[in-house]
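A quick write-up on the structure given underneath.
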Amino acid sequence: MLIRHGTRYPSQSEIQKFFKLADIRDDIIKNHKNGAGNLSSTILKQLSDWRLNPDMTIESAYKLTSQGKQDMYQLARRLRNIFPELLQVDPKKVKHGDFVFRATNTERTQSSLAAFTEGIFGTSEEIVPPEKPPTNDTLLLAYKNCPAWEKHYWEDHYDRESNQFAVGPEVEKLLRQVTRRLGYNQTLDYDVARTLYNICRFETAWQPQNLSSWCYLFTNDELKIFEYQEDLDHYYYCGPGRQWNADLGCQPLKDMHAHFKEIIDGNSKNHAKGVFYFAHTVTIETVMAALGFDGGSSKPLLAANYSSSQDRKYRTSLLGPFATNIIAVLYNCAGSMTPYTVSFYVAENLERIENCYNGLCDWSFIDQKLSQHVNNCSLNFC
């Protein structure tokens, strides 16, 4: 299982922008008192009562929130119920090698691992010591060790698609509408509007039961425009928009293939019941690109294709949210002509794979499907 960390605080640069939101809030209320703007009194009251999360400081940048720990704990409890024969174990009887846990060397993934294992074993005691992340982690942080991959995106795709959309007609119209709605005389800068969108996203993630007051500043159609901008960024940066992304995602696939093949070939009598890796959205999405589990598309996402891409399957809000995950499960169906089968889940939803029965694939089919990525897996292009 490959797992993105739970809900976190934003980056330092984003937090700096959030610190200025009280001033923006006050300006919006002042605009309406002066007869400009058209927000309802209810929304204005919500904004007036709004206060920034006091736990969010510069020092908390990228750290896991309390909701993030709940994300991981509850995920583990759900998995215990789904796979009881593997995960409902007595912590006192767990042996070395029964489970493998590893996280990147960041606070948000390490804390995610700790909350997840507490959910699995029912105790915060360290039952299985996690593997120590290497300095140059090419399994879970291959993108951090691939300068050519990063350079290729910024030179060839960002300016051509993502940046073009940010100054395109849909965004221009959005800015005009939001400017009038909030009562400003001059058109809002896109970066300011994006900050308002980001606080809407983060606050709703921190408290899923409550929609952020800032979300009410936008219509649903406007939120979809922001989502498309996010999708364009990820589509080329780490999604199916570049073959390099699928090439980068081969490392975790090769590792999964090796674990399963050892069991199938009988070379591992004491094989792990579960292998759990905690990483980041780029790792998750490059693996999805390699597997073809990224929604697929008959046409690429382009800055000029917004209106014709409303039915697209590639949506980062579904494929790459906090705590999203990819699960591969190996089954041994005794007495069958093809005893070993594999199923995949994305965000805990069964992936329906062509030529597989209800998502259950013969190992020989998966072995062949992954052979190109596994046999040719290399980071030499970096």
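Each chain in the structure tokens gets a letter, A, B, ..., in the order shown, and its residues are numbered from 1; ligands are numbered from 1 in order too.
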Problem - Selection: 6 Å around Ser343 in chain A, only C-alpha atoms, excl. self and same-chain fewer than 3 positions, as a list in words - result: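 Surrounding residues, per the criterion: Ala328, Val329, Gly359 and Leu360 of chain A.
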Handout entry: Contacts of range 175-182 of chain A within 9 Å, only C-alpha atoms, excl. fewer than 3 positions in-chain, as a list in words
Key = Asp27, Ile28, Ile29, Asn31, His32, Ala36, Gly37, Asn38, Leu39, Glu170, Val171, Glu172, Asn185, Gln186, Thr187, Leu188, Asp189, Tyr190, Ala193, Leu217, Phe218 and Glu222 of chain A
Mind dumping a table of every range 299-342 of chain A residue within 12 Å of range 272-287 of chain A, with the nearest atom pair and its distance in Å to one decimal, using only C-alpha atoms, sorted by chain and rising number, as CSV?
residue,atom,partner,partner_atom,distance
A:Tyr314,CA,A:Glu285,CA,10.8
A:Arg315,CA,A:Glu285,CA,11.2
A:Thr316,CA,A:Glu285,CA,9.1
A:Ser317,CA,A:Thr281,CA,11.4
A:Leu318,CA,A:Glu285,CA,11.3
A:Leu319,CA,A:Glu285,CA,7.6
A:Gly320,CA,A:Thr281,CA,6.0
A:Pro321,CA,A:Thr281,CA,7.8
A:Phe322,CA,A:Thr281,CA,8.1
A:Ala323,CA,A:Thr281,CA,9.2
A:Thr324,CA,A:Ile284,CA,8.1
A:Asn325,CA,A:Ile284,CA,7.2
A:Ile326,CA,A:Ile284,CA,7.4
A:Ile327,CA,A:Phe276,CA,9.2
A:Ala328,CA,A:Val275,CA,9.8
A:Val329,CA,A:Gly274,CA,9.2
A:Leu330,CA,A:Lys273,CA,10.0
A:Tyr331,CA,A:Lys273,CA,11.5
Include all heavy atoms and write out the residues we just selected as a CSV table (one decimal), in the first residue's frame.
chain,number,residue,atom,x,y,z
A,314,TYR,N,-9.7,12.8,-15.2
A,314,TYR,CA,-8.5,13.2,-14.5
A,314,TYR,C,-8.8,14.4,-13.6
A,314,TYR,O,-8.9,15.5,-14.2
A,314,TYR,CB,-7.3,13.5,-15.4
A,314,TYR,CG,-6.1,13.9,-14.6
A,314,TYR,CD1,-5.3,12.9,-14.1
A,314,TYR,CD2,-5.7,15.2,-14.4
A,314,TYR,CE1,-4.1,13.2,-13.4
A,314,TYR,CE2,-4.6,15.5,-13.7
A,314,TYR,CZ,-3.8,14.5,-13.2
A,314,TYR,OH,-2.7,14.9,-12.4
A,315,ARG,N,-9.1,14.2,-12.3
A,315,ARG,CA,-9.4,15.3,-11.4
A,315,ARG,C,-8.5,15.1,-10.2
A,315,ARG,O,-8.7,14.1,-9.5
A,315,ARG,CB,-10.9,15.3,-11.1
A,315,ARG,CG,-11.8,15.7,-12.2
A,315,ARG,CD,-13.2,15.7,-11.8
A,315,ARG,NE,-14.1,16.0,-12.9
A,315,ARG,CZ,-14.5,17.3,-13.3
A,315,ARG,NH1,-14.0,18.3,-12.6
A,315,ARG,NH2,-15.2,17.5,-14.3
A,316,THR,N,-7.7,16.1,-9.9
A,316,THR,CA,-6.8,16.0,-8.7
A,316,THR,C,-7.6,15.9,-7.4
A,316,THR,O,-7.1,15.3,-6.4
A,316,THR,CB,-5.8,17.1,-8.7
A,316,THR,OG1,-6.5,18.4,-8.8
A,316,THR,CG2,-4.8,17.0,-9.8
A,317,SER,N,-8.8,16.5,-7.4
A,317,SER,CA,-9.6,16.5,-6.2
A,317,SER,C,-10.0,15.1,-5.8
A,317,SER,O,-10.4,14.8,-4.7
A,317,SER,CB,-10.8,17.4,-6.3
A,317,SER,OG,-11.5,17.1,-7.5
A,318,LEU,N,-10.1,14.2,-6.8
A,318,LEU,CA,-10.4,12.8,-6.6
A,318,LEU,C,-9.2,11.9,-6.6
A,318,LEU,O,-9.2,10.9,-5.8
A,318,LEU,CB,-11.4,12.3,-7.7
A,318,LEU,CG,-12.7,13.1,-7.8
A,318,LEU,CD1,-13.5,12.5,-9.0
A,318,LEU,CD2,-13.5,13.0,-6.6
A,319,LEU,N,-8.2,12.2,-7.4
A,319,LEU,CA,-7.0,11.3,-7.5
A,319,LEU,C,-5.9,11.6,-6.5
A,319,LEU,O,-5.1,10.7,-6.2
A,319,LEU,CB,-6.5,11.3,-8.9
A,319,LEU,CG,-7.4,10.8,-10.0
A,319,LEU,CD1,-6.8,11.1,-11.4
A,319,LEU,CD2,-7.7,9.4,-9.9
A,320,GLY,N,-5.9,12.8,-6.0
A,320,GLY,CA,-4.7,13.2,-5.2
A,320,GLY,C,-5.0,13.9,-3.9
A,320,GLY,O,-4.1,14.7,-3.5
A,321,PRO,N,-6.1,13.7,-3.2
A,321,PRO,CA,-6.4,14.5,-2.0
A,321,PRO,C,-5.5,13.9,-0.8
A,321,PRO,O,-4.8,12.9,-1.0
A,321,PRO,CB,-7.8,14.2,-1.7
A,321,PRO,CG,-8.1,12.9,-2.3
A,321,PRO,CD,-7.2,12.8,-3.6
A,322,PHE,N,-5.6,14.6,0.3
A,322,PHE,CA,-4.9,14.1,1.5
A,322,PHE,C,-5.4,12.7,1.8
A,322,PHE,O,-6.6,12.4,1.6
A,322,PHE,CB,-5.2,15.0,2.7
A,322,PHE,CG,-4.7,16.4,2.6
A,322,PHE,CD1,-5.5,17.5,2.9
A,322,PHE,CD2,-3.4,16.6,2.2
A,322,PHE,CE1,-5.0,18.8,2.8
A,322,PHE,CE2,-2.8,17.9,2.2
A,322,PHE,CZ,-3.6,19.0,2.5
A,323,ALA,N,-4.4,11.8,2.2
A,323,ALA,CA,-4.7,10.5,2.6
A,323,ALA,C,-5.1,9.5,1.5
A,323,ALA,O,-5.5,8.4,1.7
A,323,ALA,CB,-5.8,10.4,3.7
A,324,THR,N,-5.0,10.0,0.2
A,324,THR,CA,-5.4,9.1,-0.9
A,324,THR,C,-4.3,8.0,-0.9
A,324,THR,O,-3.2,8.1,-0.3
A,324,THR,CB,-5.4,9.8,-2.2
A,324,THR,OG1,-6.1,9.0,-3.2
A,324,THR,CG2,-4.0,10.1,-2.7
A,325,ASN,N,-4.7,6.9,-1.6
A,325,ASN,CA,-3.8,5.7,-1.5
A,325,ASN,C,-4.0,4.8,-2.7
A,325,ASN,O,-5.0,4.8,-3.4
A,325,ASN,CB,-4.0,5.0,-0.2
A,325,ASN,CG,-5.5,4.7,0.1
A,325,ASN,OD1,-6.1,3.8,-0.6
A,325,ASN,ND2,-6.1,5.5,0.9
A,326,ILE,N,-3.0,3.9,-2.9
A,326,ILE,CA,-3.1,2.9,-3.9
A,326,ILE,C,-2.8,1.6,-3.1
A,326,ILE,O,-1.8,1.5,-2.4
A,326,ILE,CB,-2.1,3.0,-5.0
A,326,ILE,CG1,-2.2,4.4,-5.7
A,326,ILE,CG2,-2.2,1.9,-6.0
A,326,ILE,CD1,-1.1,4.7,-6.7
A,327,ILE,N,-3.7,0.6,-3.3
A,327,ILE,CA,-3.6,-0.7,-2.6
A,327,ILE,C,-3.5,-1.8,-3.6
A,327,ILE,O,-4.3,-1.8,-4.6
A,327,ILE,CB,-4.8,-1.0,-1.6
A,327,ILE,CG1,-5.0,0.2,-0.7
A,327,ILE,CG2,-4.5,-2.3,-0.9
A,327,ILE,CD1,-6.2,0.0,0.2
A,328,ALA,N,-2.5,-2.7,-3.5
A,328,ALA,CA,-2.4,-3.9,-4.3
A,328,ALA,C,-2.6,-5.1,-3.4
A,328,ALA,O,-1.8,-5.2,-2.4
A,328,ALA,CB,-1.1,-3.9,-5.1
A,329,VAL,N,-3.5,-6.0,-3.7
A,329,VAL,CA,-3.7,-7.1,-2.8
A,329,VAL,C,-3.5,-8.4,-3.6
A,329,VAL,O,-4.0,-8.6,-4.7
A,329,VAL,CB,-5.2,-7.1,-2.3
A,329,VAL,CG1,-5.4,-8.2,-1.3
A,329,VAL,CG2,-5.6,-5.8,-1.7
A,330,LEU,N,-2.7,-9.3,-3.1
A,330,LEU,CA,-2.4,-10.6,-3.7
A,330,LEU,C,-3.3,-11.7,-3.0
A,330,LEU,O,-3.2,-11.8,-1.8
A,330,LEU,CB,-0.9,-10.9,-3.5
A,330,LEU,CG,-0.5,-12.3,-4.1
A,330,LEU,CD1,-0.6,-12.3,-5.6
A,330,LEU,CD2,1.0,-12.6,-3.7
A,331,TYR,N,-4.0,-12.4,-3.8
A,331,TYR,CA,-4.9,-13.5,-3.3
A,331,TYR,C,-4.3,-14.8,-3.8
A,331,TYR,O,-3.8,-15.0,-4.9
A,331,TYR,CB,-6.3,-13.3,-3.9
A,331,TYR,CG,-7.0,-12.1,-3.4
A,331,TYR,CD1,-7.0,-10.9,-4.2
A,331,TYR,CD2,-7.8,-12.1,-2.3
A,331,TYR,CE1,-7.6,-9.8,-3.8
A,331,TYR,CE2,-8.5,-10.9,-1.9
A,331,TYR,CZ,-8.4,-9.8,-2.6
A,331,TYR,OH,-9.0,-8.7,-2.3
Practice task
Considering only C-alpha atoms, state which residue in the set A:Leu302, A:Ala205, A:Ile24, A:Met256 is at the smallest distance from Leu370 in chain A.
Solution key: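 Of A:Leu302, A:Ala205, A:Ile24, A:Met256, the one nearest Leu370 in chain A, counting only C-alpha atoms, is A:Met256.
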Fill in the blank from the handout: From the list A:Glu262, A:Asp367, A:Glu230, A:Asp247, the nearest residue to Trp149 in chain A using only C-alpha atoms is A:Asp247
Handout entry: Close residues, range 224-228 of chain A itself excluded, 12 Å, only C-alpha atoms, min 4 positions apart in chain, as a count of residues only
Key = 48
Exercise for the section: For each of A:Lys132, A:Lys63, A:Lys17, A:Lys254, take the minimum atom-to-atom distance to His373 in chain A, counting only C-alpha atoms, then give the residue where this is smallest. Expected result: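 Closest candidate: A:Lys254.
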